[in-house]
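Text of final.cif, listed as mmCIF, C-alpha atoms:
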data_run
loop_
_atom_site.label_atom_id
_atom_site.label_comp_id
_atom_site.auth_asym_id
_atom_site.auth_seq_id
_atom_site.Cartn_x
_atom_site.Cartn_y
_atom_site.Cartn_z
CA MET I 25 12.50 -48.11 -33.08
CA THR I 26 10.27 -45.29 -31.92
CA PRO I 27 11.38 -42.00 -33.49
CA PRO I 28 12.40 -39.21 -31.11
CA PRO I 29 9.74 -36.59 -30.39
CA ALA I 30 9.71 -33.51 -32.57
CA ALA I 31 11.63 -30.59 -31.19
CA PRO I 32 9.34 -28.07 -29.52
CA HIS I 33 8.62 -24.93 -31.46
CA THR I 34 9.86 -21.93 -29.48
CA GLY I 35 9.03 -19.18 -31.94
CA ALA I 36 10.58 -17.53 -34.99
CA GLY I 37 10.94 -20.96 -36.63
CA ARG I 38 13.92 -21.97 -34.49
CA PRO I 39 13.31 -25.29 -32.64
CA ASP I 40 15.22 -25.87 -29.38
CA ALA I 41 16.54 -22.32 -29.28
CA ARG I 42 15.66 -19.44 -27.00
CA VAL I 43 13.73 -16.70 -28.69
CA ARG I 44 15.87 -13.60 -28.99
CA MET I 45 14.97 -9.93 -29.12
CA VAL I 46 15.98 -9.85 -32.78
CA ASP I 47 13.31 -12.48 -33.51
CA VAL I 48 10.67 -10.26 -31.98
CA ALA I 49 11.98 -7.24 -33.87
CA GLN I 50 11.86 -9.09 -37.21
CA ARG I 51 8.33 -10.32 -36.62
CA ALA I 52 7.13 -6.82 -35.62
CA GLY I 53 9.00 -5.11 -38.43
CA VAL I 54 11.03 -2.86 -36.12
CA GLY I 55 14.56 -2.63 -34.78
CA THR I 56 15.78 -4.23 -31.57
CA ILE I 57 16.12 -0.78 -29.99
CA THR I 58 12.38 -0.27 -30.46
CA VAL I 59 11.63 -3.63 -28.82
CA SER I 60 13.83 -2.62 -25.89
CA ARG I 61 11.99 0.70 -25.59
CA VAL I 62 8.61 -1.03 -25.53
CA LEU I 63 9.84 -3.19 -22.65
CA ARG I 64 11.59 -0.47 -20.66
CA THR I 65 10.15 2.92 -21.62
CA PRO I 66 6.82 2.21 -23.38
CA GLU I 67 5.76 5.84 -23.05
CA ARG I 68 8.42 6.69 -25.68
CA VAL I 69 6.84 4.42 -28.31
CA SER I 70 3.66 5.06 -30.30
CA PRO I 71 0.60 2.95 -29.41
CA GLU I 72 0.58 1.27 -32.84
CA VAL I 73 4.23 0.21 -32.60
CA ARG I 74 3.70 -0.95 -29.01
CA ARG I 75 0.78 -3.09 -30.15
CA ARG I 76 2.85 -4.73 -32.92
CA VAL I 77 5.78 -5.44 -30.63
CA LEU I 78 3.60 -6.85 -27.85
CA ALA I 79 1.79 -9.04 -30.37
CA ALA I 80 5.17 -10.32 -31.62
CA ILE I 81 6.28 -11.04 -28.05
CA GLN I 82 3.12 -13.04 -27.43
CA ALA I 83 3.42 -14.93 -30.72
CA THR I 84 7.07 -15.90 -30.20
CA GLY I 85 6.93 -16.55 -26.47
CA TYR I 86 9.83 -14.18 -25.90
CA VAL I 87 10.82 -13.67 -22.25
CA PRO I 88 12.97 -10.54 -21.75
CA ASN I 89 16.06 -10.84 -19.56
CA LEU I 90 15.49 -7.66 -17.58
CA ALA I 91 18.12 -8.63 -15.02
CA ALA I 92 20.84 -8.44 -17.67
CA GLY I 93 19.78 -4.94 -18.64
CA THR I 94 19.74 -3.91 -15.02
CA LEU I 95 23.33 -5.08 -14.53
CA LYS I 96 24.45 -3.03 -17.51
CA SER I 97 22.60 0.14 -16.63
CA GLN I 98 22.47 -0.27 -12.82
CA ARG I 99 18.78 0.64 -13.15
CA SER I 100 15.59 -1.37 -13.26
CA ARG I 101 11.97 -0.55 -13.98
CA VAL I 102 10.91 -1.89 -10.57
CA VAL I 103 9.52 -0.04 -7.56
CA ALA I 104 9.84 -2.00 -4.31
CA SER I 105 7.02 -1.77 -1.78
CA ILE I 106 6.63 -3.26 1.71
CA VAL I 107 3.21 -3.54 3.35
CA PRO I 108 2.44 -4.91 6.83
CA THR I 109 0.09 -7.65 5.62
CA LEU I 110 -1.46 -9.25 2.54
CA ARG I 111 -4.00 -11.24 4.56
CA ASN I 112 -6.98 -8.99 3.79
CA THR I 113 -8.11 -5.83 2.05
CA ILE I 114 -6.59 -3.28 4.43
CA PHE I 115 -3.88 -2.12 2.04
CA ALA I 116 -5.31 -3.50 -1.22
CA GLU I 117 -6.68 -0.19 -2.53
CA THR I 118 -3.38 1.57 -1.90
CA VAL I 119 -1.42 -1.19 -3.62
CA ASP I 120 -3.80 -1.14 -6.60
CA GLY I 121 -3.58 2.64 -6.93
CA LEU I 122 0.20 2.52 -6.69
CA ALA I 123 0.52 -0.30 -9.23
CA ASP I 124 -1.85 1.39 -11.70
CA GLY I 125 -0.05 4.72 -11.46
CA LEU I 126 3.36 3.12 -11.95
CA ARG I 127 2.25 0.83 -14.77
CA ALA I 128 1.10 3.80 -16.82
CA GLN I 129 4.73 4.93 -16.89
CA GLY I 130 6.22 1.51 -17.63
CA LEU I 131 7.17 0.80 -14.02
CA GLN I 132 6.35 -2.44 -12.22
CA LEU I 133 5.62 -3.02 -8.55
CA LEU I 134 7.52 -5.58 -6.48
CA ILE I 135 5.68 -6.12 -3.19
CA ALA I 136 6.56 -7.85 0.09
CA SER I 137 4.88 -8.25 3.48
CA SER I 138 6.61 -7.48 6.79
CA GLY I 139 4.01 -9.00 9.14
CA TYR I 140 3.89 -5.70 11.06
CA SER I 141 7.52 -6.22 12.16
CA VAL I 142 10.04 -3.39 11.80
CA GLU I 143 12.82 -5.97 12.09
CA ALA I 144 11.37 -8.00 9.23
CA GLU I 145 10.89 -4.80 7.22
CA GLU I 146 14.61 -4.02 7.55
CA GLU I 147 15.61 -7.51 6.43
CA ILE I 148 13.19 -7.47 3.49
CA LEU I 149 14.39 -4.03 2.44
CA LEU I 150 18.00 -5.21 2.25
CA ASN I 151 16.93 -8.02 -0.07
CA LEU I 152 14.74 -5.77 -2.21
CA LEU I 153 17.50 -3.21 -2.64
CA GLY I 154 19.54 -5.97 -4.23
CA GLN I 155 17.04 -5.88 -7.10
CA GLN I 156 18.18 -2.31 -7.87
CA PRO I 157 14.72 -0.71 -7.58
CA VAL I 158 14.27 2.82 -8.88
CA ALA I 159 12.16 3.75 -5.83
CA VAL I 160 10.89 2.37 -2.52
CA VAL I 161 7.42 2.64 -0.95
CA LEU I 162 6.97 1.87 2.76
CA THR I 163 3.88 1.72 4.95
CA GLY I 164 3.97 4.09 7.92
CA THR I 165 6.76 6.31 9.20
CA ALA I 166 8.11 4.14 12.05
CA HIS I 167 11.04 1.99 10.98
CA ALA I 168 14.13 0.36 12.47
CA PRO I 169 16.85 3.06 12.91
CA PRO I 170 19.15 1.73 10.14
CA VAL I 171 16.36 1.94 7.54
CA ARG I 172 16.27 5.73 7.40
CA ALA I 173 20.04 6.04 7.07
CA LEU I 174 20.22 3.25 4.49
CA LEU I 175 17.53 4.71 2.24
CA ARG I 176 18.84 8.26 2.48
CA SER I 177 22.33 7.05 1.56
CA ARG I 178 20.94 5.39 -1.59
CA ALA I 179 19.45 8.66 -2.85
CA LEU I 180 16.35 6.81 -4.08
CA PRO I 181 12.85 8.27 -4.20
CA VAL I 182 11.20 6.94 -1.03
CA VAL I 183 7.51 7.38 -0.18
CA GLU I 184 6.12 6.54 3.26
CA THR I 185 2.37 5.96 3.10
CA TRP I 186 -0.63 5.81 5.44
CA ASP I 187 0.91 8.34 7.78
CA LEU I 188 2.40 11.84 7.96
CA SER I 189 5.76 13.02 9.25
CA ASP I 190 7.50 16.29 9.97
CA ASP I 191 10.72 14.60 8.89
CA PRO I 192 10.01 11.95 6.24
CA ILE I 193 12.83 9.87 4.81
CA ASP I 194 12.04 11.59 1.52
CA LEU I 195 8.30 11.91 0.87
CA ALA I 196 5.18 10.94 2.83
CA VAL I 197 1.57 10.54 1.67
CA GLY I 198 -1.28 9.81 4.03
CA PHE I 199 -3.38 11.26 6.81
CA SER I 200 -3.23 11.88 10.55
CA ASN I 201 -4.15 8.65 12.34
CA PHE I 202 -4.35 10.64 15.59
CA GLU I 203 -6.83 13.18 14.22
CA ALA I 204 -8.89 10.53 12.45
CA ALA I 205 -9.43 8.58 15.67
CA ARG I 206 -10.02 11.74 17.70
CA SER I 207 -12.60 12.99 15.18
CA MET I 208 -14.49 9.68 15.09
CA THR I 209 -14.64 9.53 18.89
CA LEU I 210 -16.00 13.07 19.14
CA ALA I 211 -18.47 12.38 16.32
CA LEU I 212 -19.81 9.33 18.17
CA ALA I 213 -20.29 11.50 21.25
CA THR I 214 -22.34 14.01 19.25
CA ARG I 215 -24.71 11.17 18.31
CA GLY I 216 -25.47 10.57 21.97
CA TYR I 217 -23.14 7.70 22.80
CA ARG I 218 -21.60 8.01 26.28
CA ARG I 219 -19.73 4.77 26.99
CA ILE I 220 -17.37 4.79 24.02
CA ALA I 221 -14.85 1.95 23.98
CA PHE I 222 -11.87 1.62 21.67
CA ALA I 223 -10.56 -1.71 20.34
CA GLY I 224 -7.14 -1.55 18.71
CA ALA I 225 -3.92 -3.41 18.05
CA PRO I 226 -1.18 -3.45 20.72
CA PRO I 227 0.32 0.06 20.45
CA GLN I 228 3.84 -1.25 21.08
CA ARG I 229 3.50 -3.45 18.00
CA GLU I 230 2.20 -0.90 15.53
CA HIS I 231 2.88 2.83 15.34
CA ARG I 232 -0.34 3.75 13.55
CA ALA I 233 -2.33 1.79 16.15
CA ALA I 234 -0.62 3.81 18.88
CA GLN I 235 -1.57 7.06 17.16
CA ARG I 236 -5.21 6.00 16.85
CA LEU I 237 -5.28 5.01 20.51
CA GLU I 238 -3.88 8.39 21.53
CA GLY I 239 -6.44 10.17 19.34
CA TYR I 240 -9.24 8.27 21.09
CA ARG I 241 -7.81 9.03 24.54
CA GLN I 242 -7.44 12.72 23.70
CA ALA I 243 -11.08 12.91 22.62
CA MET I 244 -12.28 11.14 25.75
CA ALA I 245 -10.26 13.57 27.88
CA GLU I 246 -11.86 16.49 26.05
CA LEU I 247 -15.27 14.96 26.76
CA GLY I 248 -14.38 14.49 30.44
CA ARG I 249 -15.01 10.75 30.25
CA SER I 250 -13.00 7.67 31.18
CA ALA I 251 -11.33 5.73 28.39
CA HIS I 252 -12.20 2.05 27.95
CA THR I 253 -9.75 0.20 25.73
CA VAL I 254 -9.55 -3.37 24.46
CA THR I 255 -6.49 -4.97 22.85
CA LEU I 256 -7.37 -6.92 19.71
CA ASP I 257 -6.02 -10.38 18.98
CA ASP I 258 -3.96 -10.93 15.81
CA LEU I 259 -3.35 -7.17 15.55
CA GLY I 260 -7.03 -6.85 14.64
CA VAL I 261 -6.53 -8.07 11.09
CA THR I 262 -8.93 -11.01 11.36
CA PHE I 263 -12.70 -11.24 11.75
CA ALA I 264 -12.16 -13.45 14.79
CA SER I 265 -10.39 -10.63 16.62
CA GLY I 266 -13.55 -8.51 16.42
CA GLU I 267 -15.74 -11.35 17.66
CA SER I 268 -13.41 -11.99 20.58
CA ALA I 269 -13.49 -8.31 21.57
CA VAL I 270 -17.31 -8.19 21.48
CA ARG I 271 -17.69 -11.33 23.57
CA GLY I 272 -15.30 -9.94 26.18
CA LEU I 273 -17.10 -6.60 26.35
CA LEU I 274 -20.55 -8.21 26.64
CA ALA I 275 -19.29 -10.36 29.51
CA GLY I 276 -18.13 -7.31 31.46
CA PRO I 277 -20.08 -5.59 34.25
CA LEU I 278 -21.04 -2.57 32.14
CA ALA I 279 -20.85 -3.04 28.37
CA PRO I 280 -20.16 0.06 26.28
CA ASP I 281 -22.94 1.46 24.13
CA VAL I 282 -20.54 1.83 21.17
CA VAL I 283 -17.21 0.22 20.26
CA PHE I 284 -14.83 2.04 17.93
CA PHE I 285 -12.59 -0.51 16.20
CA ALA I 286 -9.20 0.52 14.84
CA ASN I 287 -9.94 -1.14 11.49
CA ASP I 288 -12.91 -2.34 9.49
CA VAL I 289 -11.81 -5.98 9.48
CA ALA I 290 -12.24 -6.34 13.23
CA ALA I 291 -15.38 -4.17 13.16
CA PHE I 292 -16.91 -6.43 10.49
CA GLY I 293 -16.15 -9.50 12.59
CA ALA I 294 -17.73 -7.82 15.60
CA ALA I 295 -20.90 -6.89 13.71
CA GLN I 296 -21.38 -10.40 12.35
CA ALA I 297 -20.74 -11.87 15.82
CA CYS I 298 -23.48 -9.64 17.23
CA VAL I 299 -25.91 -10.99 14.65
CA ARG I 300 -25.07 -14.56 15.65
CA LEU I 301 -25.33 -13.73 19.37
CA GLY I 302 -28.66 -11.96 19.00
CA VAL I 303 -27.17 -8.60 20.06
CA ALA I 304 -29.02 -5.79 18.28
CA VAL I 305 -26.75 -3.33 16.45
CA PRO I 306 -26.85 -0.41 17.10
CA THR I 307 -29.59 -0.38 19.76
CA ARG I 308 -27.79 -2.60 22.28
CA MET I 309 -24.24 -2.11 21.06
CA ALA I 310 -23.19 0.20 18.24
CA ILE I 311 -20.04 -0.47 16.18
CA ALA I 312 -17.72 1.80 14.24
CA GLY I 313 -14.70 0.91 12.13
CA PHE I 314 -11.73 2.50 10.42
CA GLY I 315 -10.82 2.44 6.72
CA ASP I 316 -14.10 2.25 4.78
CA PHE I 317 -12.94 -0.82 2.92
CA GLU I 318 -15.34 -2.64 0.60
CA LEU I 319 -16.51 -4.94 3.38
CA ALA I 320 -17.72 -1.94 5.44
CA GLY I 321 -20.67 -1.46 3.12
CA ALA I 322 -21.28 -5.22 2.93
CA SER I 323 -21.50 -5.63 6.69
CA ASN I 324 -24.82 -6.38 8.37
CA PRO I 325 -25.60 -3.67 9.28
CA PRO I 326 -23.35 -1.45 7.10
CA LEU I 327 -20.51 0.02 9.12
CA THR I 328 -20.04 3.56 10.34
CA THR I 329 -16.36 4.17 9.72
CA VAL I 330 -13.48 6.53 8.96
CA ARG I 331 -13.04 6.76 5.20
CA ILE I 332 -9.38 6.60 4.20
CA PRO I 333 -8.39 7.58 0.63
CA GLY I 334 -6.52 4.31 0.09
CA GLU I 335 -6.40 4.33 -3.71
CA HIS I 336 -5.61 8.05 -3.76
CA ILE I 337 -2.67 7.42 -1.44
CA GLY I 338 -1.30 4.85 -3.88
CA ARG I 339 -1.80 6.99 -6.97
CA THR I 340 -0.28 10.03 -5.27
CA ALA I 341 2.73 7.97 -4.21
CA ALA I 342 3.14 6.81 -7.82
CA ARG I 343 2.90 10.39 -9.11
CA LEU I 344 5.51 11.63 -6.64
CA ILE I 345 7.89 8.82 -7.61
CA ILE I 346 7.49 9.61 -11.30
CA GLU I 347 8.08 13.32 -10.63
CA ARG I 348 11.19 12.56 -8.59
CA LEU I 349 12.58 10.23 -11.25
CA ALA I 350 11.94 12.83 -13.95
CA ALA I 351 13.60 15.52 -11.85
CA SER I 352 16.60 13.27 -11.21
CA ARG I 353 16.94 12.52 -14.92
CA GLY I 354 16.69 16.23 -15.68
CA ALA I 355 19.41 17.03 -13.17
CA GLY I 356 21.64 14.31 -14.59
CA GLU I 357 21.15 15.53 -18.15
CA ALA I 358 21.81 19.10 -17.08
CA GLN I 359 25.04 18.09 -15.37
CA ALA I 360 26.12 16.13 -18.41
CA ALA I 361 25.53 19.26 -20.50
CA GLY I 362 27.57 21.38 -18.10
CA ALA I 363 24.56 23.06 -16.49
CA ALA I 364 24.52 21.44 -13.05
CA GLY I 365 21.81 22.58 -10.70
CA THR I 366 19.19 23.52 -13.27
CA ALA I 367 16.87 20.75 -12.06
CA GLN I 368 16.43 19.42 -8.54
CA ALA I 369 14.31 16.62 -7.13
CA VAL I 370 11.65 17.58 -4.62
CA SER I 371 12.11 15.96 -1.20
CA GLY I 372 11.09 16.44 2.40
CA ARG I 373 7.38 16.69 1.56
CA SER I 374 4.47 15.30 3.56
CA VAL I 375 1.18 15.24 1.64
CA ASP I 376 -1.96 15.15 3.81
CA LEU I 377 -4.90 13.62 1.91
CA GLY I 378 -7.22 13.79 4.90
CA PHE I 379 -10.06 11.48 5.95
CA GLU I 380 -13.87 11.51 6.26
CA ILE I 381 -16.27 10.28 8.93
CA VAL I 382 -18.96 8.14 7.28
CA PHE I 383 -22.08 7.31 9.29
CA ARG I 384 -24.07 4.21 8.37
CA GLU I 385 -26.53 1.98 10.20
CA SER I 386 -24.10 0.40 12.70
CA ALA I 387 -23.76 3.58 14.81
#
Go ahead and render the structure in this file as structure tokens.
Amino acid sequence: MTPPPAAPHTGAGRPDARVRMVDVAQRAGVGTITVSRVLRTPERVSPEVRRRVLAAIQATGYVPNLAAGTLKSQRSRVVASIVPTLRNTIFAETVDGLADGLRAQGLQLLIASSGYSVEAEEEILLNLLGQQPVAVVLTGTAHAPPVRALLRSRALPVVETWDLSDDPIDLAVGFSNFEAARSMTLALATRGYRRIAFAGAPPQREHRAAQRLEGYRQAMAELGRSAHTVTLDDLGVTFASGESAVRGLLAGPLAPDVVFFANDVAAFGAAQACVRLGVAVPTRMAIAGFGDFELAGASNPPLTTVRIPGEHIGRTAARLIIERLAASRGAGEAQAAGAAGTAQAVSGRSVDLGFEIVFRESA
């Protein structure tokens, strides 16, 4: 008879048994409370002890049951974030900055994509709130009506990014999409371009797209010129949408001498399409983008664009969340000590990080 296979080794010398926190503690030479602190509040543990505990976790294969701790404390170490898309690099720098800033304080980022739908955002938010996040980060300031009331009723730190608001849900970090588009349009005019077209996402589908369109129209009105707008396919988040816009404009009776795209992804697609079509950029048709993502500098030719402080937005959002959580803890400790009101969380702030017009070879 063939003998049964040996029981798998799961750590701490205990075959066929789940590794427990006490096993990690014994291997690291610390108490279970210290292991718990390393997992939940690593900033409260010395680097040497953290290193020993993490090494013990790796050696034993221990997987912490964070959900159980959350049920006991009604708190997690998770920040929930919803972005419109994960299809390209548009929001990547902001997400990276946010994740890095949170990770330094022992917080983890849980991210979901809404597909640019406020209805989907509301549904996703309801599911994410079931994970008991300590804070929520949203993209933009336009949401389904129940979202504002729901988040304010939860008394969570909430940061709206990539936009500004006179009345944020809690906190907002970003820039004026209206002023950024207006400034780029006027800057293109100063470089001698007269027929300035704008290619953007359907304004009824995306609030920030609507603001950029209005900024362009305002600038054209100030210049005393007629606006020429093109609606991008796929909300402008694909290279193909830029190519389609260029082909349509070139087929028209009077092509513009410069096209200002509402994001770098579409602008990149347009520039590469011009190369394939034998359309000289910028002499026959100049191209400008929005975002200054990594691909802007890699375009042929490199893109003139609006530089957005994407990573700075994420890191600032993380800092504000950490400050709000610290203030909330301080208020709770003060109340517990009979000194209610000695610490209050900051809310109702809108932080403008600005933008920059960057001229390169495409315009």
Practice prompt. Report the residues retrieved by the PyMOL selection byres ((chain I and resi 315) around 9) from the displayed file, expressed as a list of chain:residue names.
Written response: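 Going through the file, the PyMOL selection byres ((chain I and resi 315) around 9) ends up selecting I:Ile114, I:Ala286, I:Asn287, I:Asp288, I:Val289, I:Gly313, I:Phe314, I:Asp316, I:Phe317, I:Ala320, I:Thr329, I:Val330, I:Arg331, I:Ile332, I:Pro333, I:Gly334.
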With all atoms listed in the file counted, which protein, DNA or RNA residues have an atom no more than 12 Å from (-13.7, 12.9, 25.4) in the file frame? Please answer as an mmCIF file with C-alpha atoms, in the coordinates of the input.
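The resulting out33.cif:
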data_model
loop_
_atom_site.group_PDB
_atom_site.id
_atom_site.type_symbol
_atom_site.label_atom_id
_atom_site.label_comp_id
_atom_site.auth_asym_id
_atom_site.auth_seq_id
_atom_site.Cartn_x
_atom_site.Cartn_y
_atom_site.Cartn_z
ATOM 1 C CA ALA I 205 -9.430 8.580 15.670
ATOM 2 C CA ARG I 206 -10.020 11.740 17.700
ATOM 3 C CA SER I 207 -12.600 12.990 15.180
ATOM 4 C CA MET I 208 -14.490 9.680 15.090
ATOM 5 C CA THR I 209 -14.640 9.530 18.890
ATOM 6 C CA LEU I 210 -16.000 13.070 19.140
ATOM 7 C CA ALA I 211 -18.470 12.380 16.320
ATOM 8 C CA LEU I 212 -19.810 9.330 18.170
ATOM 9 C CA ALA I 213 -20.290 11.500 21.250
ATOM 10 C CA THR I 214 -22.340 14.010 19.250
ATOM 11 C CA TYR I 217 -23.140 7.700 22.800
ATOM 12 C CA ARG I 218 -21.600 8.010 26.280
ATOM 13 C CA ARG I 219 -19.730 4.770 26.990
ATOM 14 C CA ILE I 220 -17.370 4.790 24.020
ATOM 15 C CA ALA I 221 -14.850 1.950 23.980
ATOM 16 C CA GLU I 238 -3.880 8.390 21.530
ATOM 17 C CA GLY I 239 -6.440 10.170 19.340
ATOM 18 C CA TYR I 240 -9.240 8.270 21.090
ATOM 19 C CA ARG I 241 -7.810 9.030 24.540
ATOM 20 C CA GLN I 242 -7.440 12.720 23.700
ATOM 21 C CA ALA I 243 -11.080 12.910 22.620
ATOM 22 C CA MET I 244 -12.280 11.140 25.750
ATOM 23 C CA ALA I 245 -10.260 13.570 27.880
ATOM 24 C CA GLU I 246 -11.860 16.490 26.050
ATOM 25 C CA LEU I 247 -15.270 14.960 26.760
ATOM 26 C CA GLY I 248 -14.380 14.490 30.440
ATOM 27 C CA ARG I 249 -15.010 10.750 30.250
ATOM 28 C CA SER I 250 -13.000 7.670 31.180
ATOM 29 C CA ALA I 251 -11.330 5.730 28.390
ATOM 30 C CA HIS I 252 -12.200 2.050 27.950
#
Identify, on the basis of all atoms listed in the file, every residue whose closest approach to segment 61-75 of chain I does not exceed 8 Å; exclude the query and any residue fewer than 3 positions from it along the same chain; express the result as a compact mmCIF listing (two decimals) with C-alpha atoms, keeping the file's coordinate frame.
# COMPACT_ATOMS: atom_id res chain seq x y z
CA ILE I 57 16.12 -0.78 -29.99
CA THR I 58 12.38 -0.27 -30.46
CA LEU I 78 3.60 -6.85 -27.85
CA ALA I 79 1.79 -9.04 -30.37
CA ARG I 101 11.97 -0.55 -13.98
CA GLN I 129 4.73 4.93 -16.89
CA GLY I 130 6.22 1.51 -17.63
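Picture a line from atom CA of Leu237 of chain I to atom CA of Arg384 of chain I; it runs 22.4 Å.
Put simply, atom CA of Ile381 of chain I is 21.7 Å away from atom CA of Gly121 of chain I.
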Worksheet item: Can you tell me how far atom CA of Ser137 of chain I sits from atom CA of Asn201 of chain I, in Å to one decimal?
Response: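 Atom CA of Asn201 of chain I lies 21.1 Å from atom CA of Ser137 of chain I.
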Item to complete: Taking the file as shown, find all residues satisfying the PyMOL selection byres ((chain I and resi 267) around 9) and write them as a VMD selection string.
Response: chain I and resid 263 to 266 268 to 272 290 to 298
Item to complete: Could you list the residues chosen by the PyMOL selection byres ((chain I and resi 185) around 7) in this structure as a list in words?
Response: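 Listing what the PyMOL selection byres ((chain I and resi 185) around 7) selects in the shown file: Leu162, Thr163, Gly164, Val183, Glu184, Trp186, Asp187, Ala196, Val197, Gly198 and Ile337 of chain I.
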Can you pull segment 320-338 of chain I out of that block with N, CA and C atoms and hand it back as a compact mmCIF listing (two decimals), in the first residue's frame?
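Everything below was put into result_29.txt:
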# COMPACT_ATOMS: atom_id res chain seq x y z
N ALA I 320 3.17 61.82 -22.42
CA ALA I 320 3.26 63.13 -23.09
C ALA I 320 4.68 63.39 -23.59
N GLY I 321 5.66 63.06 -22.77
CA GLY I 321 7.04 63.25 -23.17
C GLY I 321 7.53 62.20 -24.15
N ALA I 322 6.83 61.04 -24.20
CA ALA I 322 7.23 59.96 -25.10
C ALA I 322 6.57 60.07 -26.46
N SER I 323 5.65 61.00 -26.60
CA SER I 323 4.94 61.16 -27.87
C SER I 323 5.91 61.63 -28.97
N ASN I 324 5.52 61.43 -30.20
CA ASN I 324 6.31 61.89 -31.34
C ASN I 324 5.44 62.82 -32.19
N PRO I 325 5.63 64.15 -32.07
CA PRO I 325 6.61 64.83 -31.20
C PRO I 325 6.10 64.92 -29.76
N PRO I 326 6.96 65.29 -28.81
CA PRO I 326 6.53 65.45 -27.41
C PRO I 326 5.40 66.46 -27.30
N LEU I 327 4.46 66.18 -26.41
CA LEU I 327 3.23 66.95 -26.34
C LEU I 327 3.33 68.23 -25.51
N THR I 328 2.82 69.31 -26.06
CA THR I 328 2.47 70.49 -25.27
C THR I 328 1.24 70.11 -24.46
N THR I 329 1.21 70.48 -23.19
CA THR I 329 0.14 69.99 -22.34
C THR I 329 -0.05 70.85 -21.10
N VAL I 330 -1.09 70.56 -20.34
CA VAL I 330 -1.32 71.16 -19.03
C VAL I 330 -0.78 70.19 -17.98
N ARG I 331 0.20 70.63 -17.22
CA ARG I 331 0.78 69.75 -16.20
C ARG I 331 -0.09 69.77 -14.95
N ILE I 332 -0.55 68.59 -14.57
CA ILE I 332 -1.38 68.41 -13.38
C ILE I 332 -0.53 67.75 -12.29
N PRO I 333 -0.56 68.24 -11.07
CA PRO I 333 0.26 67.63 -10.00
C PRO I 333 -0.38 66.35 -9.46
N GLY I 334 -0.45 65.32 -10.32
CA GLY I 334 -1.16 64.11 -9.96
C GLY I 334 -0.67 63.45 -8.69
N GLU I 335 0.63 63.22 -8.59
CA GLU I 335 1.17 62.56 -7.40
C GLU I 335 0.99 63.44 -6.17
N HIS I 336 1.17 64.74 -6.35
CA HIS I 336 1.01 65.67 -5.23
C HIS I 336 -0.43 65.67 -4.72
N ILE I 337 -1.38 65.53 -5.63
CA ILE I 337 -2.78 65.43 -5.22
C ILE I 337 -2.97 64.21 -4.32
N GLY I 338 -2.41 63.07 -4.73
CA GLY I 338 -2.54 61.85 -3.93
C GLY I 338 -1.88 61.96 -2.58
